$ cat query.cif   # mmCIF, C-alpha atoms and all ligand atoms
data_upload
#
loop_
_atom_site.label_atom_id
_atom_site.label_comp_id
_atom_site.auth_asym_id
_atom_site.auth_seq_id
_atom_site.Cartn_x
_atom_site.Cartn_y
_atom_site.Cartn_z
CA MET A 1 43.60 -136.66 111.66
CA ASN A 2 46.40 -134.23 110.81
CA ASN A 3 45.95 -130.69 109.51
CA ILE A 4 46.42 -131.68 105.86
CA GLY A 5 43.66 -134.30 106.19
CA LYS A 6 41.27 -131.76 107.74
CA LYS A 7 42.04 -129.22 105.02
CA PHE A 8 41.45 -131.84 102.35
CA ILE A 9 38.04 -132.82 103.81
CA SER A 10 36.89 -129.21 104.14
CA MET A 11 38.00 -128.58 100.55
CA VAL A 12 35.95 -131.58 99.32
CA VAL A 13 32.91 -130.44 101.34
CA GLY A 14 33.34 -126.89 99.99
CA LEU A 15 33.47 -128.16 96.41
CA ALA A 16 30.36 -130.31 96.96
CA VAL A 17 28.43 -127.31 98.33
CA LEU A 18 29.59 -125.20 95.38
CA ALA A 19 28.49 -127.89 92.91
CA ALA A 20 25.06 -128.12 94.60
CA ILE A 21 24.63 -124.35 94.38
CA LEU A 22 25.63 -124.37 90.71
CA ILE A 23 23.10 -127.14 89.97
CA LEU A 24 20.34 -125.19 91.75
CA VAL A 25 21.21 -121.98 89.89
CA TYR A 26 21.29 -123.91 86.58
CA ARG A 27 17.88 -125.46 87.23
CA ALA A 28 16.38 -122.14 88.33
CA GLU A 29 17.75 -120.55 85.16
CA TYR A 30 16.10 -123.22 83.01
CA ALA A 31 12.90 -123.19 85.03
CA THR A 32 12.37 -119.56 84.17
CA GLU A 33 13.64 -119.86 80.62
CA GLU A 34 10.99 -119.25 78.03
CA ALA A 35 9.96 -122.04 75.74
CA HIS A 36 10.82 -121.81 72.09
CA THR A 37 7.83 -122.87 70.02
CA LYS A 38 7.09 -123.59 66.43
CA ASP A 39 3.53 -123.87 65.13
CA MET A 40 2.85 -125.35 61.76
CA PHE A 41 0.07 -126.89 59.72
CA ALA A 42 1.26 -130.25 58.44
CA MET A 43 -0.08 -133.73 57.76
CA ASP A 44 -3.59 -132.28 57.68
CA THR A 45 -3.43 -130.99 61.26
CA TYR A 46 -1.75 -128.47 63.58
CA PHE A 47 1.63 -129.17 65.10
CA VAL A 48 2.94 -127.24 68.10
CA LEU A 49 6.58 -127.99 68.86
CA LYS A 50 7.90 -126.63 72.15
CA ALA A 51 11.48 -126.97 73.40
CA TYR A 52 13.65 -125.44 76.10
CA GLY A 53 17.31 -124.56 76.42
CA PRO A 54 19.92 -122.73 74.37
CA GLU A 55 19.85 -125.35 71.60
CA ALA A 56 16.07 -125.24 71.21
CA GLU A 57 15.75 -122.61 68.50
CA THR A 58 18.11 -124.28 66.03
CA ALA A 59 16.73 -127.72 66.88
CA LEU A 60 13.16 -126.59 66.13
CA GLU A 61 14.24 -125.22 62.74
CA LEU A 62 15.63 -128.66 61.93
CA CYS A 63 12.42 -130.26 63.21
CA GLU A 64 10.30 -128.08 60.93
CA ALA A 65 12.40 -129.09 57.93
CA LYS A 66 12.06 -132.78 58.91
CA VAL A 67 8.27 -132.52 59.19
CA LEU A 68 8.08 -131.02 55.68
CA GLU A 69 10.40 -133.73 54.34
CA LEU A 70 8.35 -136.52 55.94
CA GLU A 71 5.06 -135.02 54.81
CA ALA A 72 6.36 -134.81 51.23
CA ALA A 73 7.35 -138.49 51.36
CA LEU A 74 4.46 -140.02 53.33
CA SER A 75 1.40 -138.09 52.13
CA VAL A 76 -1.25 -140.20 50.43
CA THR A 77 -2.79 -137.15 48.76
CA LYS A 78 0.31 -135.36 47.38
CA ALA A 79 0.87 -136.70 43.86
CA ASP A 80 4.66 -136.80 44.05
CA SER A 81 5.04 -138.42 47.48
CA ASP A 82 6.73 -141.81 47.83
CA VAL A 83 3.38 -143.28 48.85
CA SER A 84 1.47 -141.86 45.87
CA LYS A 85 4.18 -142.89 43.42
CA TYR A 86 4.08 -146.38 44.84
CA ASN A 87 0.26 -146.47 44.78
CA ASN A 88 0.18 -145.21 41.19
CA ARG A 89 2.83 -147.72 40.15
CA GLU A 90 5.17 -144.92 39.11
CA SER A 91 8.11 -145.95 41.26
CA ARG A 92 9.20 -148.58 43.73
CA MET A 93 11.94 -146.37 45.05
CA VAL A 94 11.17 -144.78 48.38
CA SER A 95 13.15 -142.72 50.86
CA TRP A 96 14.84 -144.38 53.79
CA ASP A 97 12.20 -142.96 56.14
CA THR A 98 9.32 -144.33 54.08
CA TYR A 99 11.00 -147.70 53.92
CA THR A 100 11.68 -147.74 57.66
CA LEU A 101 8.12 -146.72 58.47
CA VAL A 102 6.62 -149.34 56.16
CA GLU A 103 8.79 -151.97 57.80
CA LYS A 104 7.79 -150.93 61.32
CA ALA A 105 4.13 -150.64 60.31
CA LEU A 106 4.14 -154.14 58.79
CA GLN A 107 5.42 -155.55 62.09
CA LEU A 108 2.47 -153.89 63.83
CA CYS A 109 0.03 -155.23 61.21
CA GLU A 110 1.37 -158.70 61.94
CA GLU A 111 1.35 -158.26 65.71
CA THR A 112 -2.26 -156.99 65.71
CA ASP A 113 -3.33 -159.78 63.38
CA GLY A 114 -4.44 -157.32 60.71
CA ALA A 115 -6.51 -154.97 62.91
CA LEU A 116 -3.96 -152.49 61.59
CA ASP A 117 -3.57 -152.90 57.84
CA ILE A 118 -1.64 -150.28 55.89
CA THR A 119 -3.03 -151.62 52.60
CA LEU A 120 -6.56 -150.39 53.37
CA TYR A 121 -6.14 -147.43 51.03
CA PRO A 122 -8.53 -148.56 48.24
CA VAL A 123 -11.32 -148.95 50.83
CA GLN A 124 -10.40 -145.68 52.53
CA GLN A 125 -10.59 -143.96 49.16
CA ALA A 126 -14.04 -145.38 48.43
CA TRP A 127 -15.31 -143.79 51.65
CA GLY A 128 -13.77 -140.52 50.50
CA PHE A 129 -11.93 -139.89 53.76
CA THR A 130 -8.75 -138.88 51.97
CA THR A 131 -10.59 -136.53 49.61
CA ASP A 132 -13.51 -134.27 50.34
CA SER A 133 -16.14 -136.44 48.70
CA LYS A 134 -17.31 -138.60 51.60
CA ARG A 135 -19.96 -141.20 50.82
CA VAL A 136 -21.16 -144.63 51.94
CA PRO A 137 -19.92 -147.26 49.44
CA SER A 138 -22.17 -150.20 48.60
CA HIS A 139 -21.71 -153.60 50.17
CA GLU A 140 -20.61 -155.07 46.83
CA GLU A 141 -18.12 -152.30 46.19
CA LEU A 142 -16.50 -152.85 49.61
CA LYS A 143 -16.38 -156.61 49.06
CA GLU A 144 -14.59 -156.10 45.75
CA LEU A 145 -12.13 -153.55 47.18
CA LEU A 146 -11.32 -155.72 50.19
CA LYS A 147 -9.79 -158.25 47.80
CA LYS A 148 -6.94 -155.77 47.30
CA VAL A 149 -6.38 -155.39 51.04
CA ASP A 150 -3.71 -157.59 52.56
CA TYR A 151 -0.62 -156.28 54.25
CA LYS A 152 1.00 -159.72 53.81
CA GLY A 153 1.43 -158.95 50.12
CA LEU A 154 3.87 -156.18 50.93
CA ILE A 155 7.43 -157.34 51.34
CA PRO A 156 9.99 -154.65 52.00
CA SER A 157 13.43 -155.38 50.58
CA ALA A 158 16.22 -156.54 52.87
CA PRO A 159 17.30 -153.95 55.44
CA GLY A 160 20.43 -152.06 54.55
CA ARG A 161 19.85 -152.46 50.84
CA CYS A 162 18.19 -150.09 48.44
CA PRO A 163 14.90 -149.09 50.05
CA ILE A 164 12.39 -150.65 47.72
CA ILE A 165 8.95 -151.82 48.71
CA GLY A 166 7.97 -155.13 47.14
CA MET A 167 5.38 -154.58 44.45
CA GLY A 168 2.05 -156.36 44.78
CA GLU A 169 -1.55 -155.33 44.03
CA GLN A 170 -1.63 -153.33 47.24
CA GLN A 171 -1.94 -149.60 47.73
CA ILE A 172 -0.78 -148.15 51.00
CA ASP A 173 -1.88 -145.47 53.45
CA LEU A 174 0.44 -144.71 56.35
CA GLY A 175 -2.03 -142.34 58.06
CA ALA A 176 -2.32 -144.58 61.11
CA VAL A 177 1.40 -144.45 61.91
CA ALA A 178 2.89 -141.39 60.18
CA LYS A 179 2.49 -138.89 63.02
CA GLY A 180 3.94 -141.21 65.65
CA TYR A 181 6.92 -141.91 63.40
CA THR A 182 7.33 -138.18 62.77
CA GLY A 183 7.34 -137.56 66.53
CA ASP A 184 10.07 -140.18 67.00
CA CYS A 185 12.20 -138.55 64.28
CA LEU A 186 11.76 -135.10 65.84
CA LEU A 187 12.74 -136.38 69.28
CA ASP A 188 15.90 -137.86 67.75
CA ILE A 189 16.76 -134.47 66.26
CA LEU A 190 16.10 -132.68 69.56
CA ARG A 191 18.31 -135.15 71.45
CA GLU A 192 21.09 -134.89 68.87
CA GLN A 193 21.01 -131.11 69.23
CA GLY A 194 21.35 -131.38 73.01
CA VAL A 195 17.77 -130.49 73.96
CA THR A 196 16.64 -132.30 77.12
CA SER A 197 13.17 -130.87 77.64
CA ALA A 198 10.49 -130.64 74.96
CA MET A 199 6.83 -131.26 74.25
CA LEU A 200 5.55 -132.04 70.77
CA ASP A 201 1.84 -131.79 70.07
CA LEU A 202 1.24 -133.36 66.68
CA GLY A 203 -2.46 -132.77 66.15
CA GLY A 204 -3.43 -134.00 69.61
CA ASN A 205 -0.83 -136.77 69.71
CA VAL A 206 1.69 -135.71 72.33
CA GLN A 207 5.30 -136.85 72.64
CA VAL A 208 7.49 -135.44 75.39
CA LEU A 209 11.24 -135.39 75.85
CA GLY A 210 12.47 -135.58 79.45
CA SER A 211 10.54 -133.65 82.07
CA LYS A 212 9.59 -130.00 82.33
CA PRO A 213 12.63 -127.71 82.81
CA ASP A 214 11.90 -127.52 86.56
CA GLY A 215 12.17 -131.32 86.78
CA SER A 216 8.45 -131.99 87.25
CA PRO A 217 6.58 -134.29 84.83
CA TRP A 218 4.72 -132.94 81.81
CA LYS A 219 0.95 -132.68 82.18
CA VAL A 220 -1.01 -133.91 79.18
CA ALA A 221 -4.79 -133.50 79.01
CA VAL A 222 -6.69 -136.41 77.46
CA ARG A 223 -9.57 -135.20 75.32
CA ASN A 224 -13.14 -136.21 76.10
CA PRO A 225 -14.27 -137.99 72.92
CA LEU A 226 -17.92 -137.30 73.77
CA ASP A 227 -17.35 -133.54 74.16
CA THR A 228 -14.05 -132.54 72.63
CA SER A 229 -13.99 -129.11 74.27
CA THR A 230 -13.39 -130.85 77.61
CA ALA A 231 -10.88 -133.38 78.99
CA ILE A 232 -11.44 -136.70 80.74
CA GLY A 233 -8.37 -136.10 82.84
CA VAL A 234 -4.69 -135.26 82.95
CA LEU A 235 -1.71 -137.59 82.59
CA GLU A 236 1.62 -136.81 84.22
CA ILE A 237 4.45 -138.20 82.12
CA SER A 238 8.13 -137.92 81.22
CA ASP A 239 9.80 -139.32 78.09
CA LYS A 240 6.60 -140.81 76.71
CA ALA A 241 4.19 -140.70 73.81
CA VAL A 242 0.45 -140.23 74.48
CA ILE A 243 -1.40 -141.08 71.30
CA THR A 244 -5.14 -141.16 70.75
CA SER A 245 -7.38 -142.63 68.06
CA GLY A 246 -11.01 -141.62 68.21
CA SER A 247 -14.14 -141.81 66.10
CA TYR A 248 -14.70 -138.09 66.78
CA GLU A 249 -11.55 -137.09 64.88
CA ARG A 250 -12.89 -137.43 61.34
CA TYR A 251 -16.41 -138.46 60.39
CA PHE A 252 -19.50 -137.62 58.37
CA GLU A 253 -23.19 -138.31 58.80
CA GLU A 254 -25.66 -139.71 56.32
CA ASN A 255 -29.32 -140.52 56.99
CA GLY A 256 -28.75 -139.93 60.67
CA LYS A 257 -25.89 -142.41 60.92
CA ARG A 258 -22.29 -141.51 61.72
CA TYR A 259 -19.38 -142.96 59.75
CA TRP A 260 -15.83 -142.45 60.94
CA HIS A 261 -12.33 -142.82 59.48
CA ILE A 262 -11.01 -145.82 61.43
CA LEU A 263 -12.02 -148.85 59.40
CA ASP A 264 -12.17 -152.52 60.24
CA PRO A 265 -10.02 -154.26 57.59
CA LYS A 266 -12.18 -157.39 57.95
CA THR A 267 -15.44 -155.64 56.95
CA GLY A 268 -14.41 -152.42 55.20
CA TYR A 269 -16.83 -150.52 57.47
CA PRO A 270 -15.97 -148.10 60.28
CA ALA A 271 -14.69 -150.12 63.24
CA ASP A 272 -17.61 -150.44 65.59
CA LYS A 273 -16.66 -152.47 68.64
CA GLY A 274 -18.07 -150.09 71.23
CA LEU A 275 -15.10 -147.76 71.72
CA VAL A 276 -15.06 -144.04 70.97
CA SER A 277 -11.43 -143.44 71.84
CA VAL A 278 -8.25 -145.28 72.66
CA THR A 279 -5.21 -143.54 74.12
CA VAL A 280 -1.92 -145.43 74.18
CA VAL A 281 0.97 -144.38 76.43
CA GLY A 282 4.43 -145.78 75.76
CA GLU A 283 8.00 -145.15 74.73
CA SER A 284 7.78 -145.32 70.97
CA GLY A 285 5.57 -142.90 69.06
CA VAL A 286 5.19 -145.10 66.00
CA ARG A 287 4.21 -148.10 68.11
CA CYS A 288 1.70 -146.13 70.20
CA ASP A 289 0.23 -144.63 67.02
CA GLY A 290 -0.18 -147.97 65.28
CA LEU A 291 -1.56 -149.58 68.42
CA SER A 292 -4.09 -146.82 69.16
CA THR A 293 -5.64 -147.39 65.73
CA ALA A 294 -5.46 -151.19 66.00
CA LEU A 295 -6.88 -151.37 69.55
CA PHE A 296 -9.77 -149.13 68.47
CA VAL A 297 -10.53 -151.68 65.76
CA MET A 298 -10.23 -154.61 68.21
CA GLY A 299 -12.66 -153.30 70.83
CA LYS A 300 -12.26 -153.45 74.61
CA LYS A 301 -12.12 -157.20 75.18
CA ASN A 302 -9.43 -157.91 72.60
CA ALA A 303 -7.57 -154.68 73.39
CA VAL A 304 -7.26 -155.74 77.04
CA GLU A 305 -6.05 -159.19 76.03
CA PHE A 306 -3.49 -157.59 73.71
CA TRP A 307 -2.33 -155.22 76.47
CA ARG A 308 -1.84 -158.14 78.87
CA SER A 309 0.33 -160.07 76.45
CA ALA A 310 2.33 -157.08 75.12
CA GLY A 311 3.42 -155.60 78.46
CA ASP A 312 5.18 -152.53 77.03
CA PHE A 313 2.46 -149.87 77.00
CA GLU A 314 -0.49 -148.55 78.99
CA MET A 315 -3.87 -147.40 77.68
CA LEU A 316 -7.09 -145.50 78.38
CA LEU A 317 -10.30 -146.64 76.73
CA VAL A 318 -13.56 -144.71 76.48
CA THR A 319 -16.66 -146.63 75.46
CA GLU A 320 -19.63 -145.23 73.55
CA GLY A 321 -21.59 -145.47 76.80
CA GLY A 322 -19.14 -143.03 78.41
CA GLU A 323 -17.25 -145.53 80.60
CA LEU A 324 -13.56 -144.89 81.14
CA TYR A 325 -11.04 -147.70 81.68
CA ILE A 326 -7.35 -147.24 82.46
CA THR A 327 -4.68 -149.91 82.73
CA GLU A 328 -3.05 -150.32 86.12
CA GLY A 329 0.27 -148.73 85.15
CA LEU A 330 -1.46 -145.37 84.79
CA GLN A 331 -3.11 -145.32 88.20
CA GLU A 332 -0.42 -143.12 89.74
CA ASN A 333 -0.11 -140.82 86.73
CA PHE A 334 -3.70 -140.07 85.80
CA VAL A 335 -6.07 -137.64 87.49
CA CYS A 336 -9.70 -137.81 86.33
CA SER A 337 -11.64 -134.66 85.54
CA GLU A 338 -14.73 -133.98 87.60
CA GLY A 339 -17.60 -136.22 86.59
CA TRP A 340 -15.31 -138.99 85.33
CA ASN A 341 -14.45 -142.19 87.11
CA ALA A 342 -11.77 -144.53 85.84
CA GLU A 343 -12.17 -148.28 86.27
CA VAL A 344 -8.73 -149.86 86.56
CA ILE A 345 -7.84 -152.86 84.37
CA ASN A 346 -5.35 -155.20 86.10
CA ARG A 347 -2.84 -157.56 84.57
P1 LIG B 401 -5.20 -142.74 63.66
O1 LIG B 401 -5.73 -141.35 63.79
O2 LIG B 401 -3.77 -142.88 64.03
O3 LIG B 401 -6.05 -143.74 64.33
O4 LIG B 401 -5.19 -143.09 62.12
C1 LIG B 401 -6.35 -143.06 61.35
C2 LIG B 401 -5.97 -143.11 59.89
O5 LIG B 401 -5.37 -144.36 59.61
C3 LIG B 401 -7.14 -143.00 58.97
O6 LIG B 401 -7.39 -141.66 58.63
C4 LIG B 401 -6.70 -143.84 57.79
O7 LIG B 401 -5.86 -143.06 56.97
C5 LIG B 401 -5.89 -144.93 58.43
N1 LIG B 401 -6.66 -146.12 58.86
C6 LIG B 401 -7.96 -146.22 59.24
N2 LIG B 401 -8.25 -147.47 59.66
C7 LIG B 401 -7.09 -148.17 59.56
C8 LIG B 401 -6.72 -149.52 59.86
N3 LIG B 401 -7.58 -150.40 60.36
N4 LIG B 401 -5.44 -149.87 59.61
C9 LIG B 401 -4.55 -149.00 59.11
N5 LIG B 401 -4.82 -147.74 58.82
C10 LIG B 401 -6.07 -147.32 59.04
MG MG B 402 -2.70 -144.36 64.90
#

$ encode --input "query.cif" --output "structure tokens" --more "lines below"
Ligand code: AMP
Ligand code: MG
Amino acid sequence: MNNIGKKFISMVVGLAVLAAILILVYRAEYATEEAHTKDMFAMDTYFVLKAYGPEAETALELCEAKVLELEAALSVTKADSDVSKYNNRESRMVSWDTYTLVEKALQLCEETDGALDITLYPVQQAWGFTTDSKRVPSHEELKELLKKVDYKGLIPSAPGRCPIIGMGEQQIDLGAVAKGYTGDCLLDILREQGVTSAMLDLGGNVQVLGSKPDGSPWKVAVRNPLDTSTAIGVLEISDKAVITSGSYERYFEENGKRYWHILDPKTGYPADKGLVSVTVVGESGVRCDGLSTALFVMGKKNAVEFWRSAGDFEMLLVTEGGELYITEGLQENFVCSEGWNAEVINR
């Protein structure tokens, strides 16, 4: 090799070393960079939005505005929301987000064969879960109200056209999917703004962007549904949603019996198939949110069957007897807390 060749090679090696040093310095800088956080009370719960990097502050401002916009459109209790106006037959016109969410939710209703049903609102209202007047409705009342429940009666207009929801007898409640959809929208904003590392805690539903700034996976504790001050274990994840539905989240007691907010659309009563919590881990927040509610309604046997045929998510189930089941894809990412033992469900 002549002198020019040798010089060229040493220049290339020098540049490679320089690039490696710059990458290390960059990572170290980000690893020590403080998180920007935004706390807010929205959608009836606490949100903690955390993001890293120079773009984080502006991005979180935009996220806050988006949460308020979505809450104003999707709330079932705010009188001037899209959902309330639709339910009160004041307007068929809804925002693009409401339309998109209804469309996605209807696909999940179909896929779960009605275990998820966004037209449960009249029944939900009778139980008083959306207001503060909780009570046990009579058998006859539930039977009557269930006649109004059928997601198949909702037909959203053709995509790309004016976002109008087809008008039937139905009244809708997007509570089972709204937070997951919100998380997806916020992650889009963060990405658009150039953020590559973030963790969103939307009332216990966690959605993470990328990994931690030091490159390691995010650690997400999964709450113990039987004692919510403790965790059943910790999940290590990157770019995923971890979304839980549990009977401990909202309930009341009457005559010594507990009634919770996740209802079985077939009976109108709280879903009671032996599970106390379902955590779904996957890519899409709205899908994980809808599925966590639906799988809770289905119970373990049907949830496992659903998981086997779907193939695009993982889950953790806790039964009322305190047994913990995890699907095989989580084996490497989940560490049980002391006193817990996870039985692995295989494909
Ligand atoms: P999540 O916490 O995501 O499981 O959602 C629970 C909320 O979804 C409840 O507070 C209700 O507003 C609504 N909901 C309850 N049961 C169902 C169901 N079977 N299908 C659709 N929405 C439901
Ligand atoms: Mg849900």

$ closest_residue --input "query.cif" --among "A:Glu57, A:Asp82, A:Glu110, A:Asp97" --to "ligand LIG 401 (chain B)" --atoms "only C-alpha atoms and all ligand atoms"
A:Glu110

$ atom_distance --input "query.cif" --atom1 "CA of Ala241 (chain A)" --atom2 "CA of Trp96 (chain A)"
23.0 Å

$ closest_residue --input "query.cif" --among "A:Asp132, A:Glu249, A:Asp201, A:Glu320" --to "Ala51 (chain A)" --atoms "only C-alpha atoms"
A:Asp201

$ residues_around --input "query.cif" --residues "Ala231 (chain A)" --least-positions-apart "3" --cutoff "9 Å" --atoms "all atoms listed in the file" --output "list in words"
Ala221, Val222, Arg223, Asn224, Pro225, Asp227, Thr228, Val234, Cys336 and Ser337 of chain A

$ residues_around --input "query.cif" --residues "region 272-285 of chain A" --least-positions-apart "2" --cutoff "6 Å" --atoms "all atoms listed in the file" --output "list of chain:residue names"
A:Gly180, A:Tyr181, A:Asp184, A:Lys240, A:Ala241, A:Val242, A:Ile243, A:Thr244, A:Ser245, A:Gly246, A:Ser247, A:Arg287, A:Cys288, A:Asp289, A:Ser292, A:Phe296, A:Gly299, A:Phe313, A:Glu314, A:Met315, A:Leu316, A:Leu317, A:Val318, A:Thr319, A:Glu320

$ write_last_selection --input "query.cif" --atoms "C-alpha atoms" --output "tab-separated table (two decimals), keeping the file's coordinate frame"
chain	number	residue	atom	x	y	z
A	180	GLY	CA	3.94	-141.21	65.65
A	181	TYR	CA	6.92	-141.91	63.40
A	184	ASP	CA	10.07	-140.18	67.00
A	240	LYS	CA	6.60	-140.81	76.71
A	241	ALA	CA	4.19	-140.70	73.81
A	242	VAL	CA	0.45	-140.23	74.48
A	243	ILE	CA	-1.40	-141.08	71.30
A	244	THR	CA	-5.14	-141.16	70.75
A	245	SER	CA	-7.38	-142.63	68.06
A	246	GLY	CA	-11.01	-141.62	68.21
A	247	SER	CA	-14.14	-141.81	66.10
A	287	ARG	CA	4.21	-148.10	68.11
A	288	CYS	CA	1.70	-146.13	70.20
A	289	ASP	CA	0.23	-144.63	67.02
A	292	SER	CA	-4.09	-146.82	69.16
A	296	PHE	CA	-9.77	-149.13	68.47
A	299	GLY	CA	-12.66	-153.30	70.83
A	313	PHE	CA	2.46	-149.87	77.00
A	314	GLU	CA	-0.49	-148.55	78.99
A	315	MET	CA	-3.87	-147.40	77.68
A	316	LEU	CA	-7.09	-145.50	78.38
A	317	LEU	CA	-10.30	-146.64	76.73
A	318	VAL	CA	-13.56	-144.71	76.48
A	319	THR	CA	-16.66	-146.63	75.46
A	320	GLU	CA	-19.63	-145.23	73.55

$ closest_residue --input "query.cif" --among "A:Asn205, A:Asn333, A:Asn341, A:Ser216" --to "ligand MG 402 (chain B)" --atoms "only C-alpha atoms and all ligand atoms"
A:Asn205

$ residues_near_ligand --input "query.cif" --ligand "ligand LIG 401 (chain B)" --cutoff "6 Å" --atoms "all atoms listed in the file" --output "list in words"
Ala115, Leu116, Asp117, Ile118, Asp173, Gly175, Ala176, Val177, Ser245, His261, Ile262, Leu263, Asp264, Pro265, Asp289 and Thr293 of chain A

$ write_last_selection --input "query.cif" --atoms "C-alpha atoms" --output "compact mmCIF listing (two decimals), in the frame of the given file"
# COMPACT_ATOMS: atom_id res chain seq x y z
CA ALA A 115 -6.51 -154.97 62.91
CA LEU A 116 -3.96 -152.49 61.59
CA ASP A 117 -3.57 -152.90 57.84
CA ILE A 118 -1.64 -150.28 55.89
CA ASP A 173 -1.88 -145.47 53.45
CA GLY A 175 -2.03 -142.34 58.06
CA ALA A 176 -2.32 -144.58 61.11
CA VAL A 177 1.40 -144.45 61.91
CA SER A 245 -7.38 -142.63 68.06
CA HIS A 261 -12.33 -142.82 59.48
CA ILE A 262 -11.01 -145.82 61.43
CA LEU A 263 -12.02 -148.85 59.40
CA ASP A 264 -12.17 -152.52 60.24
CA PRO A 265 -10.02 -154.26 57.59
CA ASP A 289 0.23 -144.63 67.02
CA THR A 293 -5.64 -147.39 65.73

$ atom_distance --input "query.cif" --atom1 "CA of Asp150 (chain A)" --atom2 "CA of Gly204 (chain A)"
29.1 Å

$ closest_residue --input "query.cif" --among "A:Lys301, A:Lys66, A:Lys179, A:Arg308" --to "ligand MG 402 (chain B)" --atoms "all atoms listed in the file"
A:Lys179

$ atom_distance --input "query.cif" --atom1 "CA of Leu68 (chain A)" --atom2 "CA of Val286 (chain A)"
17.7 Å

$ closest_residue --input "query.cif" --among "A:Cys109, A:Ile189, A:Leu324, A:Val304" --to "ligand MG 402 (chain B)" --atoms "all atoms listed in the file"
A:Cys109

$ closest_residue --input "query.cif" --among "A:Glu343, A:Gly183, A:Leu101, A:Glu61" --to "Leu202 (chain A)" --atoms "only C-alpha atoms"
A:Gly183

$ residues_around --input "query.cif" --residues "Arg191 (chain A)" --least-positions-apart "4" --cutoff "9 Å" --atoms "all atoms listed in the file" --output "PyMOL selection string"
chain A and resi 59+186-187+195-196+209

$ residues_around --input "query.cif" --residues "Asn88 (chain A)" --least-positions-apart "2" --cutoff "12 Å" --atoms "all atoms listed in the file" --output "PyMOL selection string"
chain A and resi 76-86+90-92+121-122+167-172

$ write_last_selection --input "query.cif" --atoms "C-alpha atoms" --output "mmCIF file, keeping the file's coordinate frame"
data_model
loop_
_atom_site.group_PDB
_atom_site.id
_atom_site.type_symbol
_atom_site.label_atom_id
_atom_site.label_comp_id
_atom_site.auth_asym_id
_atom_site.auth_seq_id
_atom_site.Cartn_x
_atom_site.Cartn_y
_atom_site.Cartn_z
ATOM 1 C CA VAL A 76 -1.250 -140.200 50.430
ATOM 2 C CA THR A 77 -2.790 -137.150 48.760
ATOM 3 C CA LYS A 78 0.310 -135.360 47.380
ATOM 4 C CA ALA A 79 0.870 -136.700 43.860
ATOM 5 C CA ASP A 80 4.660 -136.800 44.050
ATOM 6 C CA SER A 81 5.040 -138.420 47.480
ATOM 7 C CA ASP A 82 6.730 -141.810 47.830
ATOM 8 C CA VAL A 83 3.380 -143.280 48.850
ATOM 9 C CA SER A 84 1.470 -141.860 45.870
ATOM 10 C CA LYS A 85 4.180 -142.890 43.420
ATOM 11 C CA TYR A 86 4.080 -146.380 44.840
ATOM 12 C CA GLU A 90 5.170 -144.920 39.110
ATOM 13 C CA SER A 91 8.110 -145.950 41.260
ATOM 14 C CA ARG A 92 9.200 -148.580 43.730
ATOM 15 C CA TYR A 121 -6.140 -147.430 51.030
ATOM 16 C CA PRO A 122 -8.530 -148.560 48.240
ATOM 17 C CA MET A 167 5.380 -154.580 44.450
ATOM 18 C CA GLY A 168 2.050 -156.360 44.780
ATOM 19 C CA GLU A 169 -1.550 -155.330 44.030
ATOM 20 C CA GLN A 170 -1.630 -153.330 47.240
ATOM 21 C CA GLN A 171 -1.940 -149.600 47.730
ATOM 22 C CA ILE A 172 -0.780 -148.150 51.000
#

$ decode --input "query.cif" --residues "region 288-294 of chain A" --atoms "N, CA, C and O atoms" --output "JSON list (two decimals), in the first residue's frame"
[["chain", "number", "residue", "atom", "x", "y", "z"],
["A", 288, "CYS", "N", -54.70, -1.69, 23.05],
["A", 288, "CYS", "CA", -54.45, -2.28, 24.36],
["A", 288, "CYS", "C", -55.55, -1.88, 25.34],
["A", 288, "CYS", "O", -56.00, -2.67, 26.16],
["A", 289, "ASP", "N", -56.00, -0.62, 25.25],
["A", 289, "ASP", "CA", -57.04, -0.13, 26.16],
["A", 289, "ASP", "C", -58.36, -0.88, 25.93],
["A", 289, "ASP", "O", -58.98, -1.40, 26.86],
["A", 290, "GLY", "N", -58.76, -0.94, 24.68],
["A", 290, "GLY", "CA", -60.00, -1.65, 24.35],
["A", 290, "GLY", "C", -59.91, -3.11, 24.75],
["A", 290, "GLY", "O", -60.85, -3.69, 25.31],
["A", 291, "LEU", "N", -58.76, -3.72, 24.48],
["A", 291, "LEU", "CA", -58.62, -5.15, 24.78],
["A", 291, "LEU", "C", -58.58, -5.41, 26.28],
["A", 291, "LEU", "O", -59.13, -6.41, 26.74],
["A", 292, "SER", "N", -57.94, -4.54, 27.05],
["A", 292, "SER", "CA", -57.87, -4.81, 28.50],
["A", 292, "SER", "C", -59.28, -4.88, 29.07],
["A", 292, "SER", "O", -59.61, -5.76, 29.87],
["A", 293, "THR", "N", -60.15, -3.97, 28.63],
["A", 293, "THR", "CA", -61.53, -3.98, 29.10],
["A", 293, "THR", "C", -62.25, -5.25, 28.61],
["A", 293, "THR", "O", -62.91, -5.94, 29.39],
["A", 294, "ALA", "N", -62.10, -5.54, 27.32],
["A", 294, "ALA", "CA", -62.81, -6.68, 26.73],
["A", 294, "ALA", "C", -62.34, -8.01, 27.33],
["A", 294, "ALA", "O", -63.16, -8.90, 27.61]]
